[in-house]
Amino acid sequence: MKRIKAMARTVGEAAQISAVIVGIIFIVHLLNGMVGMQLNAFGIRPRTAVGLIGIVFSHFLHANAAHVTANCSALIVLLFLLFLNRKYQAEETLLLVWFGSGFGTWLIGRTSVHIGASSIIYGLIVYLLAAGWWMKGWRPVVVALVVLVLYAGAVFGLMPNDPRVSWEGHLSGAIVGFLVARYQHG
């Protein structure tokens, strides 16, 4: 029983951490709205020096209420699942996916300003699926199956089909999520 407690956070802890992160994203969106969405200039501008700052800030920035709501509804679920099990090394995983997906977008993105948390979403989807494959135990497998059922349609976001959507960010996030899971658990 002690071993299970050592590897798991409580449901309340995982929910609280997830809510704080998503809450910050909503607060930034509200502040951005107050300044006429001018903060979106701090998104990722691929292969430019000024665009490097977007690797840190782009995930907080969203185009409109629908964009932030869609991203945050998926993000809160994925963060909750990530922070529920200490074996996922959630803090390290989130930081690696955050910066890795941002850098990948900066590296391969088309000329545009890339904003939104969807690259993190794709990173966490693939991370949780891959970790479920490599980790020992039934819990990660159950999490991977839940993620697969909820987000199987995300695979279509990896292909260019809408010029307003950063498929490059999605792809970067997915690749980084896989690499992080392989590094930690493979």
# chains A, B, ... in the order shown; residues from 1 in each chain; ligands from 1

$ residues_around --residues "Gly102 (chain A)" --least-positions-apart "5" --cutoff "8 Å" --atoms "only C-alpha atoms" --output "list in words"
Ile44, Gly54, Ile55, Val56, Ser58, Ser119, Gly169, Ser172 and Gly173 of chain A

$ closest_atom_pairs --of "region 25-60 of chain A" --to "region 105-115 of chain A" --cutoff "9 Å" --atoms "only C-alpha atoms" --output "Markdown table"
| residue | atom | partner | partner_atom | distance |
| --- | --- | --- | --- | --- |
| A:Asn40 | CA | A:Ile115 | CA | 7.0 |
| A:Ala41 | CA | A:Val113 | CA | 7.2 |
| A:Phe42 | CA | A:Val113 | CA | 8.2 |
| A:Gly43 | CA | A:Ile115 | CA | 5.1 |
| A:Ile44 | CA | A:His114 | CA | 4.9 |
| A:Arg45 | CA | A:Val113 | CA | 5.0 |
| A:Pro46 | CA | A:Trp106 | CA | 4.0 |
| A:Arg47 | CA | A:Trp106 | CA | 5.7 |
| A:Thr48 | CA | A:Trp106 | CA | 8.0 |
| A:Gly51 | CA | A:Trp106 | CA | 7.2 |
| A:Leu52 | CA | A:Trp106 | CA | 7.1 |
| A:Gly54 | CA | A:Ile115 | CA | 8.0 |
| A:Ile55 | CA | A:Trp106 | CA | 7.3 |
| A:Phe57 | CA | A:Ile115 | CA | 8.4 |
| A:Ser58 | CA | A:Ile115 | CA | 4.7 |
| A:His59 | CA | A:Ile115 | CA | 6.1 |
| A:Phe60 | CA | A:Ile115 | CA | 7.7 |

$ atom_distance --atom1 "CA of Thr10 (chain A)" --atom2 "CA of Pro140 (chain A)"
15.9 Å

$ closest_residue --among "A:Cys72, A:Ala181, A:Leu82, A:Val147" --to "Met135 (chain A)" --atoms "only C-alpha atoms"
A:Ala181

$ residues_around --residues "Ser118 (chain A)" --least-positions-apart "3" --cutoff "7 Å" --atoms "only C-alpha atoms" --output "NGL selection string"
:A and (71 or 121-122 or 170)

$ closest_residue --among "A:Ile175, A:Gly23, A:Val141, A:Leu124" --to "Val77 (chain A)" --atoms "only C-alpha atoms"
A:Leu124

$ closest_residue --among "A:His185, A:Arg9, A:His62, A:Arg164" --to "Gly33 (chain A)" --atoms "only C-alpha atoms"
A:His62

$ closest_residue --among "A:Val11, A:Ile21, A:Ala174, A:Leu158" --to "Val97 (chain A)" --atoms "only C-alpha atoms"
A:Ala174

$ closest_residue --among "A:Leu81, A:Ala66, A:Phe178, A:Lys87" --to "Lys136 (chain A)" --atoms "only C-alpha atoms"
A:Lys87

$ select_by_dssp --residues "region 44-73 of chain A" --states "helix (DSSP H, G or I)" --output "PyMOL selection string"
chain A and resi 50-60+65-73

$ write_last_selection --atoms "N, CA and C atoms" --output "PDB file, in the first residue's frame"
ATOM      1  N   VAL A  50      13.519  36.685 -32.910  1.00  0.00           N
ATOM      2  CA  VAL A  50      12.413  37.197 -32.098  1.00  0.00           C
ATOM      3  C   VAL A  50      11.380  36.092 -31.829  1.00  0.00           C
ATOM      4  N   GLY A  51      11.302  35.128 -32.702  1.00  0.00           N
ATOM      5  CA  GLY A  51      10.347  34.041 -32.538  1.00  0.00           C
ATOM      6  C   GLY A  51      10.703  33.039 -31.468  1.00  0.00           C
ATOM      7  N   LEU A  52      11.963  33.071 -31.006  1.00  0.00           N
ATOM      8  CA  LEU A  52      12.387  32.143 -29.964  1.00  0.00           C
ATOM      9  C   LEU A  52      11.619  32.357 -28.660  1.00  0.00           C
ATOM     10  N   ILE A  53      11.218  33.596 -28.373  1.00  0.00           N
ATOM     11  CA  ILE A  53      10.473  33.867 -27.143  1.00  0.00           C
ATOM     12  C   ILE A  53       9.132  33.122 -27.141  1.00  0.00           C
ATOM     13  N   GLY A  54       8.619  32.847 -28.323  1.00  0.00           N
ATOM     14  CA  GLY A  54       7.366  32.113 -28.441  1.00  0.00           C
ATOM     15  C   GLY A  54       7.445  30.683 -27.949  1.00  0.00           C
ATOM     16  N   ILE A  55       8.647  30.119 -27.911  1.00  0.00           N
ATOM     17  CA  ILE A  55       8.803  28.759 -27.387  1.00  0.00           C
ATOM     18  C   ILE A  55       8.305  28.701 -25.950  1.00  0.00           C
ATOM     19  N   VAL A  56       8.509  29.767 -25.218  1.00  0.00           N
ATOM     20  CA  VAL A  56       8.048  29.838 -23.830  1.00  0.00           C
ATOM     21  C   VAL A  56       6.590  30.293 -23.759  1.00  0.00           C
ATOM     22  N   PHE A  57       6.224  31.338 -24.492  1.00  0.00           N
ATOM     23  CA  PHE A  57       4.941  31.999 -24.284  1.00  0.00           C
ATOM     24  C   PHE A  57       3.793  31.554 -25.188  1.00  0.00           C
ATOM     25  N   SER A  58       4.077  30.940 -26.320  1.00  0.00           N
ATOM     26  CA  SER A  58       3.016  30.644 -27.294  1.00  0.00           C
ATOM     27  C   SER A  58       1.913  29.763 -26.742  1.00  0.00           C
ATOM     28  N   HIS A  59       2.246  28.874 -25.816  1.00  0.00           N
ATOM     29  CA  HIS A  59       1.255  27.935 -25.291  1.00  0.00           C
ATOM     30  C   HIS A  59       0.200  28.629 -24.412  1.00  0.00           C
ATOM     31  N   PHE A  60       0.510  29.815 -23.931  1.00  0.00           N
ATOM     32  CA  PHE A  60      -0.447  30.593 -23.142  1.00  0.00           C
ATOM     33  C   PHE A  60      -1.390  31.411 -24.020  1.00  0.00           C
ATOM     34  N   ALA A  65     -11.976  32.806 -27.884  1.00  0.00           N
ATOM     35  CA  ALA A  65     -12.552  32.011 -26.794  1.00  0.00           C
ATOM     36  C   ALA A  65     -12.738  30.549 -27.185  1.00  0.00           C
ATOM     37  N   ALA A  66     -13.138  30.294 -28.409  1.00  0.00           N
ATOM     38  CA  ALA A  66     -13.325  28.911 -28.859  1.00  0.00           C
ATOM     39  C   ALA A  66     -11.998  28.161 -28.856  1.00  0.00           C
ATOM     40  N   HIS A  67     -10.934  28.832 -29.287  1.00  0.00           N
ATOM     41  CA  HIS A  67      -9.600  28.229 -29.333  1.00  0.00           C
ATOM     42  C   HIS A  67      -9.114  27.871 -27.929  1.00  0.00           C
ATOM     43  N   VAL A  68      -9.201  28.819 -27.005  1.00  0.00           N
ATOM     44  CA  VAL A  68      -8.717  28.569 -25.646  1.00  0.00           C
ATOM     45  C   VAL A  68      -9.585  27.522 -24.944  1.00  0.00           C
ATOM     46  N   THR A  69     -10.879  27.537 -25.184  1.00  0.00           N
ATOM     47  CA  THR A  69     -11.773  26.561 -24.553  1.00  0.00           C
ATOM     48  C   THR A  69     -11.510  25.157 -25.075  1.00  0.00           C
ATOM     49  N   ALA A  70     -11.352  25.018 -26.377  1.00  0.00           N
ATOM     50  CA  ALA A  70     -11.080  23.702 -26.955  1.00  0.00           C
ATOM     51  C   ALA A  70      -9.751  23.149 -26.431  1.00  0.00           C
ATOM     52  N   ASN A  71      -8.724  23.982 -26.425  1.00  0.00           N
ATOM     53  CA  ASN A  71      -7.430  23.507 -25.945  1.00  0.00           C
ATOM     54  C   ASN A  71      -7.453  23.187 -24.457  1.00  0.00           C
ATOM     55  N   CYS A  72      -8.072  24.036 -23.683  1.00  0.00           N
ATOM     56  CA  CYS A  72      -8.064  23.821 -22.234  1.00  0.00           C
ATOM     57  C   CYS A  72      -8.932  22.644 -21.808  1.00  0.00           C
ATOM     58  N   SER A  73      -9.994  22.357 -22.541  1.00  0.00           N
ATOM     59  CA  SER A  73     -10.822  21.201 -22.166  1.00  0.00           C
ATOM     60  C   SER A  73     -10.044  19.900 -22.354  1.00  0.00           C
TER      61      SER A  73
END

$ closest_residue --among "A:Leu79, A:Ile27, A:Val143, A:Leu148" --to "Thr93 (chain A)" --atoms "only C-alpha atoms"
A:Leu79

$ atom_distance --atom1 "CA of Gln89 (chain A)" --atom2 "CA of Trp138 (chain A)"
17.2 Å

$ atom_distance --atom1 "CA of Leu61 (chain A)" --atom2 "CA of Gly116 (chain A)"
5.3 Å

$ residues_around --residues "Ala19 (chain A)" --least-positions-apart "4" --cutoff "9 Å" --atoms "only C-alpha atoms" --output "number ranges by chain"
A: 14-15, 23-24, 76, 79-80

$ residues_around --residues "Val146 (chain A)" --least-positions-apart "4" --cutoff "12 Å" --atoms "only C-alpha atoms" --output "PyMOL selection string"
chain A and resi 77-78+81+125+128-129+132+139-142+150-152

$ write_last_selection --atoms "N, CA and C atoms" --output "PDB file, in the first residue's frame"
ATOM      1  N   VAL A  77      -7.804  17.458 -18.923  1.00  0.00           N
ATOM      2  CA  VAL A  77      -7.918  15.998 -18.805  1.00  0.00           C
ATOM      3  C   VAL A  77      -6.545  15.351 -18.892  1.00  0.00           C
ATOM      4  N   LEU A  78      -5.757  15.746 -19.886  1.00  0.00           N
ATOM      5  CA  LEU A  78      -4.436  15.149 -20.090  1.00  0.00           C
ATOM      6  C   LEU A  78      -3.477  15.475 -18.947  1.00  0.00           C
ATOM      7  N   LEU A  81      -4.411  13.303 -15.933  1.00  0.00           N
ATOM      8  CA  LEU A  81      -3.905  11.937 -16.084  1.00  0.00           C
ATOM      9  C   LEU A  81      -2.387  11.887 -15.887  1.00  0.00           C
ATOM     10  N   ILE A 125      -0.769  13.457 -25.451  1.00  0.00           N
ATOM     11  CA  ILE A 125      -1.495  12.301 -25.994  1.00  0.00           C
ATOM     12  C   ILE A 125      -0.507  11.198 -26.355  1.00  0.00           C
ATOM     13  N   LEU A 128       1.399   9.726 -23.236  1.00  0.00           N
ATOM     14  CA  LEU A 128       0.614   8.799 -22.419  1.00  0.00           C
ATOM     15  C   LEU A 128       0.361   7.476 -23.142  1.00  0.00           C
ATOM     16  N   LEU A 129       0.184   7.528 -24.457  1.00  0.00           N
ATOM     17  CA  LEU A 129       0.039   6.290 -25.233  1.00  0.00           C
ATOM     18  C   LEU A 129       1.337   5.481 -25.206  1.00  0.00           C
ATOM     19  N   GLY A 132       2.210   4.056 -21.807  1.00  0.00           N
ATOM     20  CA  GLY A 132       1.379   2.883 -21.547  1.00  0.00           C
ATOM     21  C   GLY A 132       1.949   1.628 -22.177  1.00  0.00           C
ATOM     22  N   ARG A 139      -1.955   0.199 -14.686  1.00  0.00           N
ATOM     23  CA  ARG A 139      -2.464   1.576 -14.641  1.00  0.00           C
ATOM     24  C   ARG A 139      -2.105   2.393 -15.889  1.00  0.00           C
ATOM     25  N   PRO A 140      -0.823   2.390 -16.300  1.00  0.00           N
ATOM     26  CA  PRO A 140      -0.489   3.139 -17.521  1.00  0.00           C
ATOM     27  C   PRO A 140      -1.213   2.613 -18.764  1.00  0.00           C
ATOM     28  N   VAL A 141      -1.480   1.315 -18.799  1.00  0.00           N
ATOM     29  CA  VAL A 141      -2.221   0.745 -19.922  1.00  0.00           C
ATOM     30  C   VAL A 141      -3.656   1.267 -19.931  1.00  0.00           C
ATOM     31  N   VAL A 142      -4.270   1.325 -18.758  1.00  0.00           N
ATOM     32  CA  VAL A 142      -5.641   1.860 -18.661  1.00  0.00           C
ATOM     33  C   VAL A 142      -5.664   3.329 -19.076  1.00  0.00           C
ATOM     34  N   LEU A 150     -10.547   8.739 -26.057  1.00  0.00           N
ATOM     35  CA  LEU A 150     -10.921  10.161 -26.056  1.00  0.00           C
ATOM     36  C   LEU A 150     -10.325  10.948 -27.220  1.00  0.00           C
ATOM     37  N   TYR A 151      -9.098  10.600 -27.632  1.00  0.00           N
ATOM     38  CA  TYR A 151      -8.368  11.469 -28.551  1.00  0.00           C
ATOM     39  C   TYR A 151      -7.865  10.783 -29.822  1.00  0.00           C
ATOM     40  N   ALA A 152      -8.440   9.663 -30.194  1.00  0.00           N
ATOM     41  CA  ALA A 152      -7.999   8.966 -31.420  1.00  0.00           C
ATOM     42  C   ALA A 152      -8.134   9.860 -32.656  1.00  0.00           C
TER      43      ALA A 152
END
